[in-house]
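J.: So I've got this file, coords33.cif, and it contains mmCIF, C-alpha atoms and all ligand atoms:
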data_final
loop_
_atom_site.label_atom_id
_atom_site.label_comp_id
_atom_site.auth_asym_id
_atom_site.auth_seq_id
_atom_site.Cartn_x
_atom_site.Cartn_y
_atom_site.Cartn_z
CA MET A 7 73.32 179.51 130.17
CA ASN A 8 76.87 178.15 130.07
CA GLN A 9 76.45 174.48 129.24
CA ASN A 10 80.01 173.67 130.32
CA ASP A 11 79.30 175.00 133.82
CA ILE A 12 75.99 173.16 134.02
CA LEU A 13 77.52 169.88 132.91
CA PHE A 14 80.54 170.27 135.19
CA ASP A 15 78.23 170.81 138.18
CA ARG A 16 76.34 167.67 137.27
CA ALA A 17 79.52 165.71 136.61
CA CYS A 18 81.05 166.65 139.97
CA LYS A 19 78.05 165.13 141.73
CA THR A 20 78.44 161.72 140.16
CA SER A 21 82.17 161.43 139.32
CA PRO A 22 85.20 162.31 141.45
CA GLY A 23 86.33 165.76 140.29
CA GLY A 24 83.77 165.59 137.50
CA VAL A 25 86.08 163.71 135.13
CA ASN A 26 87.19 160.25 134.08
CA SER A 27 90.88 161.15 133.89
CA PRO A 28 92.33 163.74 136.30
CA VAL A 29 94.13 166.17 133.98
CA ARG A 30 90.87 166.89 132.14
CA ALA A 31 89.57 168.69 135.24
CA PHE A 32 91.55 171.93 134.61
CA ARG A 33 92.80 171.80 138.23
CA SER A 34 96.22 173.28 137.47
CA VAL A 35 94.94 176.02 135.13
CA GLY A 36 91.67 176.82 136.89
CA GLY A 37 88.25 177.36 135.34
CA THR A 38 85.67 174.97 133.95
CA PRO A 39 86.67 172.17 131.58
CA ARG A 40 85.02 172.35 128.19
CA PHE A 41 82.59 169.58 127.42
CA ILE A 42 83.23 168.66 123.82
CA LYS A 43 80.35 167.36 121.77
CA ARG A 44 81.77 167.01 118.28
CA ALA A 45 85.02 167.26 116.34
CA LYS A 46 86.09 167.47 112.71
CA ASP A 47 89.56 167.92 111.18
CA ALA A 48 91.59 170.25 113.44
CA TYR A 49 88.60 171.54 115.40
CA PHE A 50 86.26 170.60 118.16
CA TRP A 51 83.15 172.27 119.48
CA ASP A 52 82.00 172.47 123.06
CA GLU A 53 78.46 172.28 124.41
CA ASN A 54 78.11 176.07 123.94
CA ASP A 55 78.91 175.60 120.23
CA GLN A 56 82.23 177.38 120.73
CA ARG A 57 84.82 176.16 118.20
CA TYR A 58 88.45 175.51 119.17
CA ILE A 59 91.55 174.63 117.17
CA ASP A 60 92.61 171.48 118.97
CA TYR A 61 96.23 170.72 119.90
CA ILE A 62 95.44 167.88 122.31
CA GLY A 63 94.30 165.45 119.62
CA SER A 64 92.78 163.19 122.27
CA TRP A 65 96.25 163.25 123.94
CA GLY A 66 97.99 162.06 120.82
CA PRO A 67 95.94 159.56 118.82
CA ILE A 68 94.23 161.96 116.38
CA ILE A 69 97.20 162.37 114.06
CA VAL A 70 95.17 162.41 110.83
CA GLY A 71 92.60 164.87 112.20
CA HIS A 72 89.22 164.33 113.79
CA ALA A 73 86.59 162.19 112.07
CA HIS A 74 88.77 161.51 109.05
CA PRO A 75 86.35 160.05 106.47
CA VAL A 76 88.53 156.99 105.77
CA VAL A 77 88.83 156.17 109.46
CA VAL A 78 85.13 156.75 110.12
CA LYS A 79 84.17 154.53 107.17
CA ALA A 80 86.47 151.76 108.40
CA VAL A 81 84.87 151.94 111.84
CA GLN A 82 81.35 151.95 110.40
CA ASP A 83 82.08 148.97 108.18
CA ALA A 84 83.62 147.03 111.05
CA ALA A 85 80.75 147.89 113.40
CA ALA A 86 78.20 146.72 110.86
CA ASN A 87 79.82 143.28 111.05
CA GLY A 88 79.57 143.03 114.83
CA LEU A 89 81.13 144.90 117.72
CA GLY A 90 83.27 142.11 119.07
CA PHE A 91 83.60 138.36 119.03
CA GLY A 92 86.21 137.35 121.59
CA THR A 93 87.81 135.14 118.93
CA PRO A 94 90.81 135.69 116.71
CA THR A 95 90.08 137.86 113.66
CA ARG A 96 91.73 138.60 110.33
CA ALA A 97 91.99 142.28 111.30
CA GLU A 98 94.25 141.43 114.25
CA VAL A 99 96.57 139.42 112.04
CA ASP A 100 96.67 142.30 109.54
CA MET A 101 97.48 144.76 112.30
CA ALA A 102 100.21 142.62 113.87
CA GLU A 103 101.82 142.15 110.44
CA LEU A 104 101.62 145.85 109.70
CA LEU A 105 103.14 146.86 113.05
CA CYS A 106 105.99 144.35 112.69
CA ASP A 107 106.57 145.60 109.18
CA MET A 108 106.64 149.26 110.19
CA LEU A 109 108.83 149.03 113.29
CA PRO A 110 112.17 147.21 113.06
CA GLY A 111 112.73 145.15 116.18
CA LEU A 112 109.08 144.20 116.49
CA GLU A 113 109.14 140.48 115.72
CA GLN A 114 105.94 139.62 117.56
CA VAL A 115 103.27 141.75 119.09
CA ARG A 116 100.24 141.41 121.36
CA LEU A 117 97.33 143.84 121.17
CA VAL A 118 95.75 145.26 124.32
CA SER A 119 93.30 148.11 124.96
CA SER A 120 95.34 150.80 126.75
CA GLY A 121 98.89 152.03 127.15
CA THR A 122 98.69 151.15 130.82
CA GLU A 123 98.01 147.53 129.97
CA ALA A 124 100.85 147.54 127.45
CA THR A 125 103.51 148.79 129.88
CA MET A 126 102.21 146.72 132.81
CA SER A 127 102.29 143.57 130.69
CA ALA A 128 105.69 144.41 129.21
CA ILE A 129 107.13 144.64 132.72
CA ARG A 130 105.56 141.37 133.79
CA LEU A 131 106.99 139.77 130.67
CA ALA A 132 110.46 141.20 131.34
CA ARG A 133 110.34 139.84 134.88
CA GLY A 134 109.11 136.45 133.70
CA PHE A 135 111.77 136.32 131.01
CA THR A 136 114.72 137.33 133.21
CA GLY A 137 113.58 135.77 136.49
CA ARG A 138 114.51 139.09 138.16
CA ASP A 139 112.30 141.60 140.01
CA LEU A 140 113.93 145.02 139.89
CA LEU A 141 112.58 147.63 137.52
CA VAL A 142 114.23 150.96 136.65
CA LYS A 143 112.26 153.99 135.53
CA PHE A 144 113.16 157.67 135.20
CA GLU A 145 111.96 160.69 137.08
CA GLY A 146 109.16 162.52 135.26
CA CYS A 147 108.36 159.64 132.89
CA TYR A 148 104.79 158.40 132.92
CA HIS A 149 103.96 154.88 131.81
CA GLY A 150 100.31 154.54 132.76
CA HIS A 151 98.76 153.94 136.13
CA SER A 152 99.80 150.43 137.18
CA ASP A 153 101.15 150.25 140.73
CA SER A 154 104.83 149.67 140.08
CA LEU A 155 104.99 152.60 137.62
CA LEU A 156 103.30 155.28 139.72
CA VAL A 157 106.55 156.27 141.36
CA LYS A 158 107.94 159.75 140.61
CA ALA A 159 105.87 159.82 137.44
CA GLY A 160 104.86 162.67 135.15
CA SER A 161 101.59 163.58 133.41
CA GLY A 162 98.51 164.09 135.60
CA LEU A 163 100.41 163.29 138.79
CA LEU A 164 102.85 166.09 138.11
CA THR A 165 100.02 168.39 137.09
CA LEU A 166 98.39 167.79 140.46
CA GLY A 167 101.72 168.37 142.19
CA ASN A 168 102.35 164.87 143.53
CA PRO A 169 104.45 162.61 141.33
CA SER A 170 103.67 159.43 143.28
CA SER A 171 100.26 157.96 144.07
CA SER A 172 98.88 156.92 147.41
CA GLY A 173 97.47 153.39 147.46
CA VAL A 174 100.61 151.83 146.01
CA PRO A 175 101.96 149.28 148.51
CA VAL A 176 105.52 149.89 149.69
CA ALA A 177 106.19 146.26 148.88
CA VAL A 178 105.43 146.98 145.24
CA SER A 179 107.20 150.32 144.88
CA LYS A 180 110.38 149.02 146.53
CA ASP A 181 111.11 147.05 143.37
CA THR A 182 110.94 150.21 141.27
CA LEU A 183 114.20 152.16 141.23
CA VAL A 184 114.01 155.73 139.95
CA LEU A 185 116.91 157.49 138.26
CA PRO A 186 117.25 161.02 136.86
CA TYR A 187 116.50 161.21 133.13
CA ASN A 188 119.47 161.69 130.77
CA ASP A 189 122.02 160.98 133.53
CA VAL A 190 124.47 158.46 132.05
CA ASP A 191 126.69 158.47 135.17
CA ALA A 192 123.81 157.54 137.46
CA LEU A 193 122.84 154.78 135.06
CA GLU A 194 126.34 153.33 134.92
CA THR A 195 126.67 153.45 138.70
CA LEU A 196 123.39 151.58 139.17
CA PHE A 197 124.35 148.92 136.64
CA LYS A 198 127.70 148.40 138.34
CA GLU A 199 125.93 147.86 141.67
CA LYS A 200 122.85 145.95 140.63
CA GLY A 201 123.07 145.19 136.90
CA ASN A 202 122.60 141.47 137.37
CA GLU A 203 119.43 141.98 139.42
CA LEU A 204 117.66 144.27 136.95
CA ALA A 205 114.73 142.80 135.06
CA ALA A 206 113.99 145.84 132.93
CA ILE A 207 114.53 149.50 132.26
CA ILE A 208 111.57 151.44 130.94
CA LEU A 209 111.72 154.92 129.50
CA GLU A 210 109.94 157.42 127.35
CA PRO A 211 112.51 158.13 124.61
CA ILE A 212 111.02 161.58 124.31
CA ALA A 213 109.38 162.29 127.63
CA GLY A 214 106.05 163.87 126.76
CA ASN A 215 104.64 163.58 130.24
CA MET A 216 106.91 166.24 131.73
CA ASN A 217 106.15 168.50 128.74
CA PHE A 218 108.82 167.52 126.20
CA VAL A 219 112.28 166.36 127.19
CA ARG A 220 114.19 164.32 124.66
CA ALA A 221 116.68 161.66 125.63
CA THR A 222 120.20 162.49 124.52
CA PRO A 223 121.66 160.08 121.92
CA GLU A 224 124.41 159.16 124.45
CA PHE A 225 121.80 158.26 127.05
CA MET A 226 119.88 156.05 124.59
CA GLN A 227 123.05 154.30 123.51
CA ALA A 228 124.19 153.77 127.11
CA LEU A 229 120.81 152.23 127.93
CA ARG A 230 121.05 149.88 124.98
CA ASP A 231 124.63 148.86 125.73
CA LEU A 232 124.16 148.35 129.47
CA CYS A 233 120.94 146.36 129.05
CA THR A 234 122.65 144.10 126.53
CA GLN A 235 125.74 143.68 128.74
CA TYR A 236 123.79 142.81 131.89
CA GLY A 237 120.86 140.94 130.35
CA ALA A 238 118.21 143.44 131.42
CA VAL A 239 115.27 144.03 129.09
CA LEU A 240 115.14 147.48 127.48
CA ILE A 241 111.52 148.59 127.25
CA ILE A 242 111.07 151.68 125.10
CA ASP A 243 107.66 153.11 125.88
CA GLU A 244 106.43 154.53 122.60
CA VAL A 245 102.79 154.83 123.65
CA MET A 246 103.03 158.57 122.96
CA THR A 247 105.90 158.76 120.46
CA GLY A 248 104.90 155.68 118.42
CA PHE A 249 104.11 156.76 114.82
CA ARG A 250 103.73 160.29 116.21
CA VAL A 251 107.32 161.47 115.89
CA GLY A 252 108.17 159.58 112.72
CA PRO A 253 107.49 156.48 110.62
CA GLN A 254 109.70 154.27 112.82
CA CYS A 255 108.73 155.96 116.06
CA ALA A 256 111.43 157.39 118.36
CA GLN A 257 113.55 154.29 117.76
CA GLY A 258 113.95 155.44 114.17
CA VAL A 259 114.98 158.89 115.36
CA TYR A 260 117.71 157.47 117.64
CA GLY A 261 118.71 154.35 115.73
CA VAL A 262 118.31 152.33 118.94
CA THR A 263 116.17 149.19 119.07
CA ALA A 264 114.20 148.09 122.12
CA ASP A 265 113.88 144.54 123.38
CA ILE A 266 110.22 145.31 124.02
CA THR A 267 108.32 148.28 122.64
CA THR A 268 105.02 149.52 123.98
CA LEU A 269 102.60 151.30 121.65
CA GLY A 270 99.20 152.96 122.02
CA LYS A 271 97.46 156.18 121.03
CA VAL A 272 98.15 156.56 117.24
CA ILE A 273 97.85 152.81 116.59
CA GLY A 274 94.22 153.03 117.71
CA GLY A 275 93.47 156.23 115.79
CA GLY A 276 91.28 157.42 118.68
CA MET A 277 89.90 154.02 119.67
CA PRO A 278 91.23 151.78 122.47
CA VAL A 279 94.13 149.89 120.91
CA ALA A 280 97.60 149.52 122.37
CA ALA A 281 100.28 146.88 122.02
CA PHE A 282 103.51 145.48 123.36
CA GLY A 283 105.96 143.48 121.35
CA GLY A 284 109.56 142.89 120.45
CA ARG A 285 112.05 140.06 120.34
CA ALA A 286 110.40 136.75 119.49
CA ASP A 287 112.46 134.85 122.10
CA ILE A 288 111.06 137.15 124.80
CA MET A 289 107.49 137.13 123.46
CA ALA A 290 107.58 133.32 123.50
CA HIS A 291 107.27 133.58 127.29
CA MET A 292 103.71 134.91 126.96
CA ALA A 293 100.74 132.64 127.64
CA PRO A 294 99.58 130.41 126.02
CA LEU A 295 103.15 129.55 124.93
CA GLY A 296 104.91 130.45 128.16
CA GLY A 297 104.25 131.13 131.79
CA VAL A 298 103.63 134.90 131.74
CA TYR A 299 99.89 135.44 131.93
CA GLN A 300 98.06 138.34 130.30
CA ALA A 301 94.60 138.54 128.76
CA GLY A 302 91.80 140.93 127.77
CA THR A 303 88.09 140.57 126.99
CA LEU A 304 88.29 143.43 124.50
CA SER A 305 91.88 142.94 123.29
CA GLY A 306 92.09 143.27 119.51
CA ASN A 307 88.50 144.51 119.32
CA PRO A 308 87.59 144.58 115.61
CA VAL A 309 86.05 148.06 115.56
CA ALA A 310 89.01 149.58 117.43
CA VAL A 311 91.51 147.73 115.25
CA ALA A 312 89.73 149.02 112.13
CA ALA A 313 90.26 152.61 113.29
CA GLY A 314 93.91 151.89 114.02
CA MET A 315 94.57 150.20 110.68
CA ALA A 316 92.91 153.00 108.73
CA THR A 317 95.02 155.56 110.62
CA LEU A 318 98.27 153.66 110.11
CA ASN A 319 97.54 153.32 106.41
CA ILE A 320 97.28 157.10 106.17
CA VAL A 321 100.46 157.85 108.10
CA ARG A 322 102.37 155.43 105.85
CA GLN A 323 101.70 157.60 102.83
CA ASP A 324 104.68 159.39 101.28
CA GLY A 325 105.47 162.77 102.80
CA PHE A 326 103.10 162.38 105.75
CA TYR A 327 105.68 163.09 108.44
CA GLU A 328 107.53 165.75 106.43
CA ASN A 329 104.27 167.62 106.14
CA LEU A 330 103.47 167.20 109.83
CA ARG A 331 106.94 168.30 110.86
CA ALA A 332 106.75 171.42 108.64
CA LYS A 333 103.42 172.45 110.19
CA THR A 334 104.75 171.99 113.71
CA ALA A 335 107.96 173.91 112.94
CA THR A 336 106.04 176.81 111.37
CA MET A 337 103.78 177.13 114.37
CA LEU A 338 106.64 177.02 116.87
CA ALA A 339 108.66 179.60 114.93
CA GLY A 340 105.63 181.89 115.09
CA PHE A 341 105.28 181.33 118.84
CA THR A 342 108.97 182.03 119.43
CA ALA A 343 108.86 185.30 117.48
CA ALA A 344 105.70 186.36 119.33
CA ALA A 345 107.25 185.60 122.73
CA GLN A 346 110.42 187.51 121.85
CA ALA A 347 108.39 190.52 120.72
CA ALA A 348 106.51 190.47 124.03
CA GLY A 349 109.68 189.94 126.09
CA VAL A 350 108.52 186.62 127.58
CA PRO A 351 111.17 183.93 128.32
CA PHE A 352 110.20 181.11 125.99
CA SER A 353 111.57 178.07 124.18
CA THR A 354 110.17 175.14 122.23
CA GLU A 355 110.96 171.54 121.34
CA MET A 356 109.47 169.27 118.70
CA GLU A 357 109.78 166.00 116.83
CA GLY A 358 107.37 165.14 114.02
CA GLY A 359 103.89 166.07 115.19
CA MET A 360 104.71 166.38 118.90
CA PHE A 361 105.87 169.58 120.58
CA GLY A 362 106.68 171.24 123.89
CA LEU A 363 106.29 174.88 124.98
CA PHE A 364 108.43 176.19 127.84
CA PHE A 365 108.59 179.44 129.71
CA SER A 366 112.38 179.33 129.92
CA GLU A 367 115.22 180.73 127.83
CA SER A 368 116.27 177.29 126.61
CA ALA A 369 114.46 173.95 126.41
CA PRO A 370 114.88 171.78 129.54
CA LYS A 371 116.95 168.60 129.36
CA SER A 372 115.86 167.07 132.65
CA PHE A 373 112.98 166.90 135.08
CA ALA A 374 114.77 169.39 137.35
CA GLU A 375 115.11 171.88 134.48
CA VAL A 376 111.41 171.49 133.61
CA MET A 377 110.53 172.27 137.21
CA ALA A 378 112.89 175.28 137.18
CA SER A 379 111.05 176.86 134.20
CA ARG A 380 108.34 179.52 134.73
CA VAL A 381 105.44 177.03 134.92
CA ASP A 382 103.60 179.72 136.88
CA LEU A 383 103.08 181.60 133.58
CA PHE A 384 101.30 178.69 131.96
CA PRO A 385 97.73 179.01 133.38
CA ALA A 386 97.34 182.62 132.16
CA PHE A 387 98.81 181.68 128.76
CA PHE A 388 96.53 178.67 128.49
CA HIS A 389 93.41 180.71 129.24
CA ALA A 390 94.45 183.54 126.92
CA MET A 391 94.78 180.98 124.12
CA LEU A 392 91.47 179.35 125.04
CA ASP A 393 89.76 182.74 124.91
CA GLU A 394 91.08 183.05 121.35
CA GLY A 395 89.70 179.62 120.41
CA VAL A 396 92.92 177.60 120.71
CA TYR A 397 92.83 174.51 122.88
CA LEU A 398 96.21 173.55 124.33
CA SER A 399 96.68 170.83 126.89
CA PRO A 400 95.47 172.16 130.28
CA SER A 401 98.79 171.38 131.95
CA ALA A 402 102.31 172.76 131.80
CA PHE A 403 103.60 169.19 131.88
CA GLU A 404 102.02 167.67 128.79
CA ALA A 405 103.23 167.71 125.21
CA GLY A 406 101.08 169.17 122.43
CA PHE A 407 100.06 167.46 119.22
CA MET A 408 99.75 168.65 115.63
CA SER A 409 97.57 166.77 113.14
CA ALA A 410 97.71 166.48 109.38
CA ALA A 411 94.34 168.27 109.29
CA HIS A 412 95.69 171.56 110.67
CA THR A 413 95.71 173.98 107.73
CA ASP A 414 98.04 176.90 107.10
CA ASP A 415 95.16 179.16 108.12
CA ASP A 416 94.70 177.27 111.38
CA ILE A 417 98.38 177.66 112.15
CA ALA A 418 98.34 181.36 111.24
CA ALA A 419 95.28 181.85 113.49
CA THR A 420 97.06 180.00 116.30
CA ILE A 421 100.11 182.24 115.97
CA GLU A 422 97.88 185.34 116.02
CA ALA A 423 96.29 184.01 119.22
CA ALA A 424 99.73 183.43 120.71
CA LYS A 425 100.80 187.01 119.92
CA LYS A 426 97.89 188.30 122.00
CA ALA A 427 98.46 185.71 124.74
CA PHE A 428 102.16 186.56 125.16
CA VAL A 429 101.36 190.28 125.37
CA LYS A 430 98.69 189.54 127.98
CA ILE A 431 100.98 187.49 130.20
CA ALA A 432 103.85 189.98 129.83
CA ASP A 433 101.68 192.70 131.40
N1 LIG B 501 102.95 155.43 128.39
C1 LIG B 501 103.05 156.69 127.92
C2 LIG B 501 104.37 157.19 127.42
C3 LIG B 501 101.94 157.53 127.92
O1 LIG B 501 102.05 158.79 127.45
C4 LIG B 501 100.71 157.03 128.40
C5 LIG B 501 99.52 157.89 128.44
O2 LIG B 501 99.55 159.08 128.23
C6 LIG B 501 100.65 155.72 128.86
C7 LIG B 501 101.79 154.94 128.83
C8 LIG B 501 99.38 155.14 129.37
O3 LIG B 501 98.48 154.98 128.32
P1 LIG B 501 96.91 154.91 128.59
O4 LIG B 501 96.50 156.27 129.05
O5 LIG B 501 96.34 154.52 127.25
O6 LIG B 501 96.69 153.87 129.63
#
Translate this file's structure into structure tokens.
Ligand code: PLP
T.:
Amino acid sequence: MNQNDILFDRACKTSPGGVNSPVRAFRSVGGTPRFIKRAKDAYFWDENDQRYIDYIGSWGPIIVGHAHPVVVKAVQDAAANGLGFGTPTRAEVDMAELLCDMLPGLEQVRLVSSGTEATMSAIRLARGFTGRDLLVKFEGCYHGHSDSLLVKAGSGLLTLGNPSSSGVPVAVSKDTLVLPYNDVDALETLFKEKGNELAAIILEPIAGNMNFVRATPEFMQALRDLCTQYGAVLIIDEVMTGFRVGPQCAQGVYGVTADITTLGKVIGGGMPVAAFGGRADIMAHMAPLGGVYQAGTLSGNPVAVAAGMATLNIVRQDGFYENLRAKTATMLAGFTAAAQAAGVPFSTEMEGGMFGLFFSESAPKSFAEVMASRVDLFPAFFHAMLDEGVYLSPSAFEAGFMSAAHTDDDIAATIEAAKKAFVKIAD
């Protein structure tokens, strides 16, 4: 009896599509999603006791590997003292201090429970601070599922083939302007026309929700300069890239500082913690100091914060990111050689422990180039890898994630799997 099939049948009866987040449903790759029951280090096991080497890492958070003993102990200790109080705690102060210490430009921070809350609140804050309504986002960037951000987005929407959501009022989406990613000319033109009406620009500095497209340094600098010149708030959404691509997030990679940064994923170590923060003069507009309201019953939950703190304390250790980067680079070099040997058009991108795989001769630099790649080859590749016990993201539009727990043997096994997978799809 295939337990995954049995559970999926049951799940589809009581949940829409059988899942609690759309991309988990395997819609774009076909087949039955695996129901995972346990995970350790670089592996997880499904309900049939099949083991997989995991490159989803819970969509980014599991950077130190699954069930890391230090993280688990921190969670157990925190849980033993109570699951939540709805009052300020020492752990929240510790976490805010640590985040501000680790990321230059973060002068004050507020903890929330999801990346969606972080970006939604950051935008409200930017509007409250500037007294302006217009928001700019970029095609293919995903910033969570709040109404004003579900316009030409990436991630699950792209995977399902519709980058905008129904149910978003026209009145809301009309204040969201969408520009092509990495297009400095389009940016300058918009600023010339409407610069003084723009409340905020939000972007993924490395867009991991249309696979992996990095901003060019010129684009990042133009964003910074134009926002400063016109008084618009630059929101760098580091929910995915934060402490994933390097010790100072993508901002450290580019040497560009946001007015407001949003964080999530890694800072919760697998538990629901996210944050938004930045310039103290902007953050002073948040309630209870200022007029921008935002709140959360579970914000700063002590058990979740304990997992995040334990994770951040591990990634701060010397050599952590060098090690992660080396693992990622080794794996991608193996993939590239395997694709070449099989005659499959293929390219890769990476930064720290985040990577992209493309069925194209060179890595895409824009949403249009991502869409022009051979995404049709992905489902067969995905399933060939899954058959070999390697779990990639079930979408051609999501980045992959390496953890510190992946061993040389895991990476060698993954490359061996890829050799077979490329040959299969070349047939
Ligand atoms: N922003 C980015 C860049 C993301 O990648 C995501 C989720 O993948 C979000 C925001 C939303 O975060 P969450 O799923 O925690 O609401």
J.: Which residue out of A:Asp100, A:Ser399, A:Ser64, A:Gly237 has the minimum interatomic distance to Val29 of chain A when only C-alpha atoms are used?
T.: A:Ser399
J.: Using only C-alpha atoms and all ligand atoms, which of the listed residues (A:Asp153, A:Glu404, A:Asp191, A:Glu98) sits closest to ligand LIG 501 (chain B)?
T.: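 Of A:Asp153, A:Glu404, A:Asp191, A:Glu98, the one nearest ligand LIG 501 (chain B) is A:Glu404, counting only C-alpha atoms and all ligand atoms.
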J.: Looking at all atoms listed in the file, which of A:Thr125, A:Asn26, A:Gln56, A:Asn8 is the one that sits closest to ligand LIG 501 (chain B)?
T.: A:Thr125
J.: Considering all atoms listed in the file, can you say which of A:Phe135, A:Tyr148, A:Tyr58, A:Phe41 comes closest to ligand LIG 501 (chain B)?
T.: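 Smallest distance to ligand LIG 501 (chain B) is found for A:Tyr148.
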J.: For Ala418 of chain A, work out the shell of residues within 10 Å, counting all atoms listed in the file and skipping chain neighbours fewer than 6 positions away, then give it as a list in words.
T.: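 The residues satisfying every condition are Thr336, Met337, Gly340 and Ala424 of chain A.
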J.: What is the atom CA of Gly37 of chain A to atom CA of Leu398 of chain A distance in Å?
T.: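 Rounded to one decimal, the two atoms are 14.1 Å apart.
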J.: Could I get segment 380-410 of chain A from the block written out with C-alpha atoms, as a PDB file, in the first residue's frame?
T.:
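Output (part_30.pdb):
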ATOM      1  CA  ARG A 380      13.106  24.764 -21.494  1.00  0.00           C
ATOM      2  CA  VAL A 381      10.871  24.573 -18.398  1.00  0.00           C
ATOM      3  CA  ASP A 382       9.084  21.728 -20.184  1.00  0.00           C
ATOM      4  CA  LEU A 383      12.096  19.496 -19.377  1.00  0.00           C
ATOM      5  CA  PHE A 384      11.781  20.074 -15.652  1.00  0.00           C
ATOM      6  CA  PRO A 385       8.966  17.632 -14.670  1.00  0.00           C
ATOM      7  CA  ALA A 386      10.786  14.607 -16.157  1.00  0.00           C
ATOM      8  CA  PHE A 387      14.064  15.715 -14.544  1.00  0.00           C
ATOM      9  CA  PHE A 388      12.361  16.245 -11.203  1.00  0.00           C
ATOM     10  CA  HIS A 389      10.798  12.780 -11.232  1.00  0.00           C
ATOM     11  CA  ALA A 390      14.000  11.103 -12.407  1.00  0.00           C
ATOM     12  CA  MET A 391      15.790  12.684  -9.429  1.00  0.00           C
ATOM     13  CA  LEU A 392      12.978  11.728  -7.060  1.00  0.00           C
ATOM     14  CA  ASP A 393      13.191   8.123  -8.259  1.00  0.00           C
ATOM     15  CA  GLU A 394      16.875   8.225  -7.300  1.00  0.00           C
ATOM     16  CA  GLY A 395      16.046   9.554  -3.820  1.00  0.00           C
ATOM     17  CA  VAL A 396      16.803  13.248  -4.419  1.00  0.00           C
ATOM     18  CA  TYR A 397      14.099  15.728  -3.513  1.00  0.00           C
ATOM     19  CA  LEU A 398      14.265  18.963  -5.496  1.00  0.00           C
ATOM     20  CA  SER A 399      11.617  21.638  -5.345  1.00  0.00           C
ATOM     21  CA  PRO A 400       8.573  20.427  -7.344  1.00  0.00           C
ATOM     22  CA  SER A 401       8.576  23.530  -9.535  1.00  0.00           C
ATOM     23  CA  ALA A 402      10.784  24.942 -12.267  1.00  0.00           C
ATOM     24  CA  PHE A 403      10.358  28.371 -10.686  1.00  0.00           C
ATOM     25  CA  GLU A 404      11.747  27.850  -7.203  1.00  0.00           C
ATOM     26  CA  ALA A 405      15.322  28.069  -5.995  1.00  0.00           C
ATOM     27  CA  GLY A 406      16.998  25.103  -4.295  1.00  0.00           C
ATOM     28  CA  PHE A 407      18.700  25.091  -0.923  1.00  0.00           C
ATOM     29  CA  MET A 408      21.870  23.437   0.375  1.00  0.00           C
ATOM     30  CA  SER A 409      22.373  22.866   4.102  1.00  0.00           C
ATOM     31  CA  ALA A 410      25.485  22.550   6.212  1.00  0.00           C
TER      32      ALA A 410
END
